[in-house]
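Student: The structure file entry-v6.csv (CSV, C-alpha atoms) is provided below.
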```
chain,number,residue,atom,x,y,z
A,1,MET,CA,-2.8,-8.3,-19.9
A,2,VAL,CA,-5.9,-6.2,-19.0
A,3,VAL,CA,-3.7,-3.7,-17.1
A,4,PHE,CA,-1.5,-3.0,-20.1
A,5,PHE,CA,-4.5,-2.7,-22.4
A,6,LEU,CA,-6.1,-0.1,-20.2
A,7,LEU,CA,-2.9,1.9,-19.8
A,8,SER,CA,-2.5,1.8,-23.6
A,9,LYS,CA,-5.8,3.7,-23.9
A,10,LEU,CA,-4.3,6.7,-22.0
A,11,ASN,CA,-2.7,9.5,-23.9
A,12,ASP,CA,-0.1,9.8,-21.1
A,13,PRO,CA,0.0,7.0,-18.4
A,14,SER,CA,2.2,9.3,-16.3
A,15,ASN,CA,-0.9,11.2,-15.4
A,16,ILE,CA,-1.7,8.4,-12.9
A,17,VAL,CA,1.5,9.1,-11.0
A,18,ASP,CA,0.9,12.9,-11.2
A,19,THR,CA,-2.6,12.5,-9.9
A,20,VAL,CA,-1.4,10.6,-6.9
A,21,ARG,CA,1.4,13.0,-6.2
A,22,ARG,CA,-0.9,16.0,-6.3
A,23,ILE,CA,-3.0,14.8,-3.4
A,24,PRO,CA,-1.9,16.7,-0.3
A,25,ILE,CA,-0.3,14.6,2.5
A,26,LYS,CA,-2.9,15.7,5.1
A,27,ILE,CA,-5.7,14.4,2.9
A,28,LEU,CA,-3.9,11.0,2.6
A,29,LEU,CA,-3.4,10.9,6.3
A,30,PHE,CA,-7.0,11.7,7.0
A,31,ALA,CA,-8.2,9.1,4.5
A,32,PHE,CA,-6.0,6.5,6.1
A,33,VAL,CA,-7.4,7.3,9.6
A,34,ILE,CA,-10.9,6.8,8.2
A,35,TYR,CA,-9.9,3.5,6.7
A,36,PHE,CA,-8.3,2.4,10.0
A,37,LEU,CA,-11.4,3.3,11.9
A,38,SER,CA,-13.4,0.8,9.9
A,39,LEU,CA,-11.3,-2.1,11.4
A,40,PRO,CA,-12.9,-2.1,14.9
A,41,PHE,CA,-16.3,-2.3,13.3
A,42,LYS,CA,-15.2,-5.2,11.1
A,43,ALA,CA,-13.6,-6.9,14.1
A,44,MET,CA,-16.7,-6.4,16.3
A,45,ARG,CA,-18.9,-7.8,13.5
A,46,PHE,CA,-16.8,-11.0,13.5
A,47,ARG,CA,-16.9,-11.2,17.2
A,48,LEU,CA,-20.7,-11.0,17.2
A,49,ILE,CA,-21.0,-13.5,14.4
A,50,LEU,CA,-18.7,-16.0,16.1
A,51,GLY,CA,-20.1,-15.4,19.5
A,52,VAL,CA,-16.7,-15.8,21.1
A,53,ASN,CA,-15.2,-13.8,24.0
A,54,VAL,CA,-12.1,-12.5,22.2
A,55,LYS,CA,-10.6,-9.1,23.0
A,56,LEU,CA,-11.4,-6.6,20.3
A,57,HIS,CA,-7.8,-5.4,19.8
A,58,ARG,CA,-6.8,-9.0,19.1
A,59,LEU,CA,-9.4,-9.3,16.4
A,60,VAL,CA,-8.4,-5.9,15.0
A,61,SER,CA,-4.9,-7.2,14.5
A,62,ILE,CA,-6.3,-10.2,12.7
A,63,VAL,CA,-8.6,-8.3,10.3
A,64,SER,CA,-5.9,-5.8,9.5
A,65,LEU,CA,-3.7,-8.7,8.3
A,66,GLN,CA,-6.7,-10.2,6.5
A,67,THR,CA,-7.3,-6.8,4.7
A,68,PHE,CA,-3.7,-6.7,3.6
A,69,TRP,CA,-3.5,-10.3,2.3
A,70,THR,CA,-7.0,-10.0,0.6
A,71,ASN,CA,-5.7,-7.0,-1.4
A,72,ILE,CA,-2.5,-8.8,-2.4
A,73,LEU,CA,-3.3,-12.5,-3.0
A,74,PRO,CA,-5.4,-13.7,-6.0
A,75,MET,CA,-8.8,-15.3,-5.9
A,76,ARG,CA,-9.6,-14.0,-2.4
A,77,THR,CA,-7.2,-16.6,-0.9
A,78,GLY,CA,-6.1,-13.8,1.5
A,79,GLU,CA,-9.3,-14.4,3.4
A,80,PHE,CA,-7.9,-17.6,4.7
A,81,SER,CA,-5.4,-15.7,6.7
A,82,TYR,CA,-8.3,-14.7,9.0
A,83,VAL,CA,-9.3,-18.4,9.4
A,84,TYR,CA,-5.7,-19.4,10.0
A,85,LEU,CA,-5.0,-16.7,12.6
A,86,LEU,CA,-8.3,-17.3,14.4
A,87,ARG,CA,-7.5,-21.0,14.7
A,88,ARG,CA,-3.9,-20.5,15.7
A,89,ASP,CA,-4.2,-17.6,18.1
A,90,GLU,CA,-7.8,-17.7,19.4
A,91,LYS,CA,-8.5,-21.5,19.1
A,92,VAL,CA,-11.6,-21.0,16.9
A,93,PRO,CA,-12.2,-24.0,14.7
A,94,ALA,CA,-11.5,-23.5,11.0
A,95,ALA,CA,-15.0,-24.5,10.0
A,96,LYS,CA,-16.5,-21.8,12.3
A,97,GLY,CA,-14.1,-19.2,10.9
A,98,ILE,CA,-15.1,-20.0,7.3
A,99,ALA,CA,-18.8,-20.0,8.3
A,100,SER,CA,-18.4,-16.5,9.8
A,101,LEU,CA,-16.7,-15.3,6.5
A,102,LEU,CA,-19.6,-16.6,4.5
A,103,SER,CA,-22.1,-14.9,6.8
A,104,ALA,CA,-20.3,-11.6,6.6
A,105,SER,CA,-20.0,-11.8,2.8
A,106,ILE,CA,-23.7,-12.3,2.4
A,107,ILE,CA,-24.4,-9.2,4.5
A,108,ASP,CA,-21.8,-7.2,2.5
A,109,ILE,CA,-23.3,-8.3,-0.8
A,110,LEU,CA,-26.7,-7.1,0.3
A,111,LEU,CA,-25.4,-3.7,1.4
A,112,ILE,CA,-23.4,-3.3,-1.8
A,113,LEU,CA,-26.4,-4.2,-3.9
A,114,LEU,CA,-28.5,-1.7,-1.9
A,115,ALA,CA,-25.9,1.1,-2.6
A,116,MET,CA,-25.8,0.2,-6.3
A,117,SER,CA,-29.6,0.2,-6.7
A,118,ALA,CA,-30.0,3.4,-4.8
A,119,THR,CA,-27.5,5.3,-6.9
A,120,ALA,CA,-28.6,3.6,-10.1
A,121,TRP,CA,-32.1,4.9,-9.5
A,122,GLY,CA,-30.7,8.4,-10.1
A,123,PHE,CA,-29.0,7.3,-13.3
A,124,ARG,CA,-31.7,5.0,-14.6
A,125,LEU,CA,-32.4,7.3,-17.6
A,126,GLU,CA,-28.7,7.3,-18.5
A,127,LEU,CA,-28.6,3.5,-18.3
A,128,LEU,CA,-31.6,3.2,-20.6
A,129,GLU,CA,-30.0,5.6,-23.1
A,130,GLN,CA,-26.9,3.4,-23.1
A,131,SER,CA,-28.8,0.1,-23.7
A,132,ASN,CA,-31.5,-2.1,-22.2
A,133,LEU,CA,-28.7,-4.5,-21.2
A,134,SER,CA,-27.1,-1.8,-19.0
A,135,TYR,CA,-30.4,-1.0,-17.4
A,136,TRP,CA,-31.1,-4.6,-16.6
A,137,LEU,CA,-27.6,-5.5,-15.4
A,138,LEU,CA,-26.9,-2.5,-13.3
A,139,PHE,CA,-30.3,-1.6,-11.9
A,140,VAL,CA,-32.9,-4.4,-12.3
A,141,LEU,CA,-30.7,-7.4,-11.4
A,142,PRO,CA,-29.4,-5.7,-8.2
A,143,LEU,CA,-33.0,-5.2,-7.1
A,144,ILE,CA,-33.7,-8.9,-7.8
A,145,GLY,CA,-30.6,-9.9,-5.8
A,146,ILE,CA,-31.7,-7.7,-2.9
A,147,SER,CA,-35.2,-9.3,-2.9
A,148,VAL,CA,-33.7,-12.8,-2.9
A,149,ILE,CA,-31.3,-12.1,0.0
A,150,LEU,CA,-34.0,-10.3,2.1
A,151,SER,CA,-36.5,-13.1,1.5
A,152,ALA,CA,-34.0,-15.7,2.6
A,153,GLY,CA,-33.2,-13.5,5.7
A,154,ILE,CA,-36.9,-13.3,6.6
A,155,VAL,CA,-37.2,-17.0,6.3
A,156,LEU,CA,-34.2,-17.5,8.6
A,157,LEU,CA,-35.7,-15.2,11.2
A,158,LEU,CA,-39.3,-16.3,11.1
A,159,LEU,CA,-38.8,-20.0,10.5
A,160,PRO,CA,-35.6,-21.0,12.3
A,161,ASN,CA,-36.9,-24.5,13.1
A,162,ALA,CA,-37.6,-25.2,9.5
A,163,VAL,CA,-34.2,-23.9,8.5
A,164,CYS,CA,-32.4,-26.0,11.1
A,165,GLY,CA,-34.4,-29.0,9.9
A,166,GLY,CA,-33.2,-28.3,6.4
A,167,VAL,CA,-29.6,-27.9,7.7
A,168,LYS,CA,-29.9,-31.3,9.5
A,169,TRP,CA,-30.9,-32.9,6.2
A,170,VAL,CA,-27.8,-31.4,4.5
A,171,GLU,CA,-25.7,-32.6,7.4
A,172,SER,CA,-27.1,-36.1,7.0
A,173,LEU,CA,-26.6,-36.1,3.3
A,174,SER,CA,-23.0,-34.8,3.7
A,175,SER,CA,-22.2,-37.5,6.2
A,176,ARG,CA,-23.6,-40.2,4.0
A,177,ILE,CA,-21.2,-39.2,1.2
A,178,ARG,CA,-18.4,-38.9,3.7
A,179,MET,CA,-17.6,-35.2,3.1
A,180,ALA,CA,-16.3,-34.5,6.6
A,181,VAL,CA,-15.2,-31.0,5.8
A,182,LEU,CA,-18.6,-30.1,4.4
A,183,VAL,CA,-20.3,-31.6,7.5
A,184,ARG,CA,-18.2,-29.4,9.9
A,185,LEU,CA,-18.8,-26.3,7.8
A,186,VAL,CA,-22.6,-26.9,7.6
A,187,GLU,CA,-22.7,-27.6,11.3
A,188,SER,CA,-20.8,-24.4,12.1
A,189,PHE,CA,-23.0,-22.3,9.8
A,190,ALA,CA,-26.1,-23.9,11.4
A,191,GLY,CA,-24.8,-23.1,14.8
A,192,LEU,CA,-24.3,-19.5,13.9
A,193,LEU,CA,-27.8,-19.3,12.5
A,194,ARG,CA,-29.3,-20.8,15.7
A,195,GLU,CA,-27.5,-18.3,17.9
A,196,VAL,CA,-28.8,-15.4,15.8
A,197,THR,CA,-32.3,-16.5,15.2
A,198,THR,CA,-33.1,-17.6,18.8
A,199,LEU,CA,-32.0,-14.4,20.6
A,200,PRO,CA,-34.8,-12.1,21.9
A,201,PHE,CA,-35.4,-9.2,19.5
A,202,ASN,CA,-32.3,-10.4,17.5
A,203,TRP,CA,-30.0,-7.9,19.1
A,204,GLN,CA,-27.0,-9.9,17.9
A,205,LEU,CA,-28.3,-9.6,14.3
A,206,LEU,CA,-28.9,-5.8,14.7
A,207,GLY,CA,-25.3,-5.4,16.0
A,208,ILE,CA,-23.9,-7.4,13.1
A,209,ILE,CA,-25.8,-5.3,10.6
A,210,GLY,CA,-24.9,-2.1,12.3
A,211,CYS,CA,-21.2,-2.9,12.3
A,212,SER,CA,-21.4,-4.0,8.7
A,213,ILE,CA,-22.9,-0.7,7.7
A,214,ALA,CA,-20.3,1.2,9.6
A,215,ASN,CA,-17.5,-0.8,8.1
A,216,LEU,CA,-18.6,-0.5,4.5
A,217,GLY,CA,-19.7,3.1,5.0
A,218,LEU,CA,-16.3,4.2,6.4
A,219,ARG,CA,-14.6,2.4,3.5
A,220,PHE,CA,-16.7,4.1,0.9
A,221,ILE,CA,-16.2,7.5,2.7
A,222,MET,CA,-12.5,7.1,2.5
A,223,GLN,CA,-12.6,6.2,-1.2
A,224,CYS,CA,-15.0,9.0,-2.1
A,225,TYR,CA,-12.8,11.4,-0.2
A,226,LEU,CA,-9.7,10.3,-2.1
A,227,VAL,CA,-11.4,10.4,-5.5
A,228,THR,CA,-12.9,13.9,-5.0
A,229,SER,CA,-9.5,15.1,-4.0
A,230,MET,CA,-8.2,14.2,-7.5
A,231,GLN,CA,-10.1,17.1,-8.9
A,232,MET,CA,-11.7,15.3,-11.8
A,233,ASN,CA,-15.2,16.7,-11.4
A,234,LEU,CA,-16.7,13.4,-10.5
A,235,GLY,CA,-19.9,13.5,-8.5
A,236,ILE,CA,-20.4,11.6,-5.2
A,237,LEU,CA,-23.3,9.5,-6.5
A,238,GLU,CA,-21.3,8.6,-9.6
A,239,ILE,CA,-18.3,7.5,-7.3
A,240,ILE,CA,-20.6,5.5,-5.0
A,241,PHE,CA,-22.1,3.7,-8.0
A,242,ALA,CA,-18.7,2.9,-9.4
A,243,LEU,CA,-17.5,1.7,-5.9
A,244,SER,CA,-20.6,-0.4,-5.5
A,245,LEU,CA,-20.1,-2.2,-8.8
A,246,THR,CA,-16.4,-2.7,-8.2
A,247,SER,CA,-17.0,-4.0,-4.7
A,248,PHE,CA,-19.7,-6.4,-5.9
A,249,PHE,CA,-17.4,-7.9,-8.5
A,250,ASN,CA,-14.6,-8.2,-6.0
A,251,MET,CA,-16.7,-10.2,-3.6
A,252,PHE,CA,-16.2,-13.2,-5.8
A,253,PRO,CA,-12.9,-15.1,-6.3
A,254,ILE,CA,-11.9,-13.5,-9.6
A,255,GLN,CA,-9.0,-11.3,-8.5
A,256,THR,CA,-5.5,-11.3,-9.9
A,257,VAL,CA,-2.3,-10.7,-7.9
A,258,GLY,CA,-2.8,-7.3,-6.3
A,259,ASN,CA,-6.3,-7.2,-7.8
A,260,PHE,CA,-4.9,-5.3,-10.8
A,261,GLY,CA,-7.4,-5.3,-13.6
A,262,THR,CA,-10.3,-6.8,-11.6
A,263,VAL,CA,-10.6,-3.5,-9.7
A,264,GLU,CA,-10.2,-1.2,-12.7
A,265,VAL,CA,-12.5,-3.0,-15.2
A,266,PRO,CA,-15.8,-2.6,-13.3
A,267,TRP,CA,-14.9,0.9,-12.1
A,268,ILE,CA,-14.2,2.0,-15.7
A,269,LEU,CA,-17.3,0.3,-16.9
A,270,ALA,CA,-19.5,2.1,-14.4
A,271,PHE,CA,-18.1,5.5,-15.4
A,272,THR,CA,-18.2,4.8,-19.1
A,273,VAL,CA,-21.9,3.9,-18.8
A,274,LEU,CA,-22.5,7.2,-17.0
A,275,GLY,CA,-20.8,9.1,-19.8
A,276,ILE,CA,-17.6,10.0,-17.9
A,277,SER,CA,-14.5,10.5,-20.1
A,278,ARG,CA,-12.4,7.4,-20.6
A,279,ASP,CA,-9.2,9.1,-19.4
A,280,ASN,CA,-10.8,10.3,-16.1
A,281,ALA,CA,-12.2,6.8,-15.5
A,282,ILE,CA,-8.9,5.0,-16.1
A,283,ILE,CA,-6.8,7.6,-14.2
A,284,SER,CA,-9.1,7.6,-11.2
A,285,ALA,CA,-9.3,3.8,-11.2
A,286,PHE,CA,-5.5,3.2,-11.1
A,287,SER,CA,-4.9,6.1,-8.7
A,288,LEU,CA,-7.5,4.9,-6.2
A,289,HIS,CA,-6.2,1.3,-6.5
A,290,ILE,CA,-2.6,2.3,-5.8
A,291,LEU,CA,-3.6,4.3,-2.7
A,292,THR,CA,-5.7,1.5,-1.4
A,293,LEU,CA,-2.8,-0.9,-1.8
A,294,LEU,CA,-0.6,1.5,0.0
A,295,PHE,CA,-3.1,1.8,2.9
A,296,SER,CA,-3.4,-2.0,3.0
A,297,LEU,CA,0.3,-2.3,3.3
A,298,LEU,CA,0.3,0.0,6.3
A,299,LEU,CA,-2.6,-2.0,7.8
A,300,GLY,CA,-0.6,-5.2,7.2
A,301,ALA,CA,2.5,-3.7,9.0
A,302,TYR,CA,0.3,-2.6,11.9
A,303,GLY,CA,-1.2,-6.1,12.1
A,304,ALA,CA,2.2,-7.8,12.0
A,305,ILE,CA,3.6,-5.5,14.7
A,306,SER,CA,0.6,-5.7,17.0
A,307,LYS,CA,0.5,-9.5,16.7
A,308,SER,CA,4.2,-9.8,17.6
A,309,ALA,CA,3.6,-7.5,20.5
A,310,LEU,CA,0.7,-9.6,21.7
A,311,PHE,CA,2.8,-12.7,21.5
A,312,ARG,CA,5.6,-11.1,23.6
A,313,LYS,CA,3.0,-10.3,26.2
A,314,THR,CA,1.7,-13.8,26.4
A,315,ASP,CA,5.2,-15.2,26.6
```
If you took the structure in this file and wrote it as structure tokens, what would it be?

Tutor:
Amino acid sequence: MVVFFLLSKLNDPSNIVDTVRRIPIKILLFAFVIYFLSLPFKAMRFRLILGVNVKLHRLVSIVSLQTFWTNILPMRTGEFSYVYLLRRDEKVPAAKGIASLLSASIIDILLILLAMSATAWGFRLELLEQSNLSYWLLFVLPLIGISVILSAGIVLLLLPNAVCGGVKWVESLSSRIRMAVLVRLVESFAGLLREVTTLPFNWQLLGIIGCSIANLGLRFIMQCYLVTSMQMNLGILEIIFALSLTSFFNMFPIQTVGNFGTVEVPWILAFTVLGISRDNAIISAFSLHILTLLFSLLLGAYGAISKSALFRKTD
């Protein structure tokens, strides 16, 4: 197991527990409030993407449960709680829910790559000193990824008719091979694209991007706040770089149960490349992960309680 291997590299694994215990309660409470404030932006983003008239507090309950299950279940299967709850409670088709998840993920990947490239620019000399591979993987490739995503976005905005024509071709191909699920998913994704690309000035897209920046920004602020409170002399740019790399890896379905190992490995890799001591990298990785799981548990409890309260009101 990766977790046991990483813990075996520590001189004293109990330092992780001590690090968490040393953080004052008021800092933990403030960090949780910041984390919770990211939920309305996440919910608003999904409402804008879906184009449905769902009350914001109902979507906040859904995304709080989604956040909990995504942090607990492996392979990002927790994301399907969002699709299930949307379909059950708000009567949103599953295909449209999945399409909205894909749309939000693409935007998140772009923002995460931007954060990684911006911070890696300040560490480019350190990356070159490590190896050319580190420089290419952690600085050059993110720039290429940003260019590809932005280019695709420009095509979607400037050539919506061509894009919709391509989508119709995919729909036709999918129907010919009788992949009904794929057809519904492509149709839903195409519908979302048409709604965004045909609005004047693309106010809907601006709102989606703004909510995405606020959601990711508040999450990063919460995590930076917690890590700096651990008193390990870790710089903000170094923390953001590690957060970006970790977040990027965890956008893909590679997680274990509780995300243990899949969170710590990229975090430790980022700090090791930047010359941070191995102990500080491992301790901060596990400490932050434990606190994030605790916050996710609280969000899950809030989502479950609020959902049950909403059901009582409707009854």

Student: Name the residues in contact with Ser117 (chain A) at a cut-off of 8 Å, using all atoms listed in the file, excluding same-chain residues fewer than 3 positions from it; report them as a PyMOL selection string.

Tutor: chain A and resi 113-114+120-121+138-140+142-143

Student: For Gln255 (chain A), which residue among A:Ile72, A:Ala301, A:Val92, A:Ala115 is the nearest when counting all atoms listed in the file?

Tutor: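 Ranking A:Ile72, A:Ala301, A:Val92, A:Ala115 by distance to Gln255 (chain A), first place goes to A:Ile72.
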
Student: Find the residue from A:Ala104, A:Gly145, A:Tyr135, A:Leu226 that sits nearest to Leu50 (chain A); use only C-alpha atoms when measuring.

Tutor: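 Closest to Leu50 (chain A) of all the choices is A:Ala104.
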
Student: With distances taken over only C-alpha atoms, which of A:Phe68, A:Gln231, A:Val63, A:Met251 is nearest to Val83 (chain A)?

Tutor: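 Selected residue with least distance to Val83 (chain A): A:Val63.
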
Student: What does the structure give for the distance between CA of Ala94 (chain A) and CA of Ser81 (chain A), in Å to one decimal?

Tutor: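 Distance reported for this atom pair: 10.8 Å.
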
Student: Smallest atom-to-atom distance to Glu90 (chain A): which of A:Ser308, A:Ser105, A:Asn53, A:Thr67, using all atoms listed in the file?

Tutor: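 Ranked by minimum distance to Glu90 (chain A), first place goes to A:Asn53.
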
Student: Counting only C-alpha atoms, figure out which residue out of A:Ala43, A:Leu237, A:Met116, A:Phe260 gets nearest to Ile221 (chain A).

Tutor: A:Leu237

Student: To one decimal in Å, tell me the separation between CA of Val17 (chain A) and CA of Leu291 (chain A).

Tutor: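 One can read the CA of Val17 (chain A) to CA of Leu291 (chain A) distance as 10.9 Å.
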
Student: Rank A:Ile290, A:Asn71, A:Ile283, A:Glu126 by their smallest atom-to-atom distance to Ser14 (chain A), using only C-alpha atoms, and report the top residue only.

Tutor: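 Smallest distance to Ser14 (chain A) is found for A:Ile283.
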
Student: For Ser284 (chain A), list every protein, DNA or RNA residue within 8 Å, evaluated using all atoms listed in the file, and leave out those in the same chain fewer than 5 positions away; present the list as a PyMOL selection string.

Tutor: chain A and resi 16+227+230

Student: Start from the incomplete input, build N, CA and C atoms for region 59-82 of chain A, and deliver everything as a compact mmCIF listing (two decimals), keeping the file's coordinate frame.

Tutor:
```txt
# COMPACT_ATOMS: atom_id res chain seq x y z
N LEU A 59 -8.71 -9.09 17.66
CA LEU A 59 -9.40 -9.30 16.40
C LEU A 59 -9.06 -8.18 15.39
N VAL A 60 -8.83 -6.95 15.88
CA VAL A 60 -8.40 -5.90 15.00
C VAL A 60 -7.11 -6.21 14.30
N SER A 61 -6.18 -6.79 15.06
CA SER A 61 -4.90 -7.20 14.50
C SER A 61 -5.12 -8.26 13.38
N ILE A 62 -6.03 -9.18 13.64
CA ILE A 62 -6.30 -10.20 12.70
C ILE A 62 -6.93 -9.68 11.40
N VAL A 63 -7.94 -8.81 11.54
CA VAL A 63 -8.60 -8.30 10.30
C VAL A 63 -7.74 -7.31 9.57
N SER A 64 -6.79 -6.66 10.25
CA SER A 64 -5.90 -5.80 9.50
C SER A 64 -4.96 -6.63 8.61
N LEU A 65 -4.50 -7.77 9.10
CA LEU A 65 -3.70 -8.70 8.30
C LEU A 65 -4.58 -9.30 7.17
N GLN A 66 -5.80 -9.62 7.51
CA GLN A 66 -6.70 -10.20 6.50
C GLN A 66 -6.94 -9.15 5.38
N THR A 67 -7.12 -7.88 5.73
CA THR A 67 -7.30 -6.80 4.70
C THR A 67 -6.10 -6.74 3.80
N PHE A 68 -4.91 -6.80 4.38
CA PHE A 68 -3.70 -6.70 3.60
C PHE A 68 -3.58 -7.90 2.61
N TRP A 69 -3.73 -9.12 3.13
CA TRP A 69 -3.50 -10.30 2.30
C TRP A 69 -4.65 -10.41 1.22
N THR A 70 -5.87 -9.97 1.56
CA THR A 70 -7.00 -10.00 0.60
C THR A 70 -6.70 -9.11 -0.59
N ASN A 71 -6.03 -7.98 -0.33
CA ASN A 71 -5.70 -7.00 -1.40
C ASN A 71 -4.48 -7.44 -2.20
N ILE A 72 -3.73 -8.42 -1.72
CA ILE A 72 -2.50 -8.80 -2.40
C ILE A 72 -2.65 -10.15 -3.13
N LEU A 73 -3.21 -11.15 -2.44
CA LEU A 73 -3.30 -12.50 -3.00
C LEU A 73 -4.45 -12.64 -3.98
N PRO A 74 -4.32 -13.49 -4.98
CA PRO A 74 -5.40 -13.70 -6.00
C PRO A 74 -6.53 -14.53 -5.45
N MET A 75 -7.66 -14.45 -6.15
CA MET A 75 -8.80 -15.30 -5.90
C MET A 75 -9.34 -15.31 -4.48
N ARG A 76 -9.14 -14.17 -3.80
CA ARG A 76 -9.60 -14.00 -2.40
C ARG A 76 -9.00 -15.01 -1.44
N THR A 77 -7.87 -15.60 -1.82
CA THR A 77 -7.20 -16.60 -0.90
C THR A 77 -6.70 -15.89 0.34
N GLY A 78 -6.51 -14.57 0.29
CA GLY A 78 -6.10 -13.80 1.50
C GLY A 78 -7.05 -13.92 2.62
N GLU A 79 -8.33 -14.22 2.32
CA GLU A 79 -9.30 -14.40 3.40
C GLU A 79 -8.99 -15.48 4.35
N PHE A 80 -8.26 -16.48 3.86
CA PHE A 80 -7.90 -17.60 4.70
C PHE A 80 -6.92 -17.27 5.79
N SER A 81 -6.26 -16.10 5.66
CA SER A 81 -5.40 -15.70 6.70
C SER A 81 -6.18 -15.42 8.01
N TYR A 82 -7.41 -14.92 7.84
CA TYR A 82 -8.30 -14.70 9.00
C TYR A 82 -8.66 -16.05 9.64
```
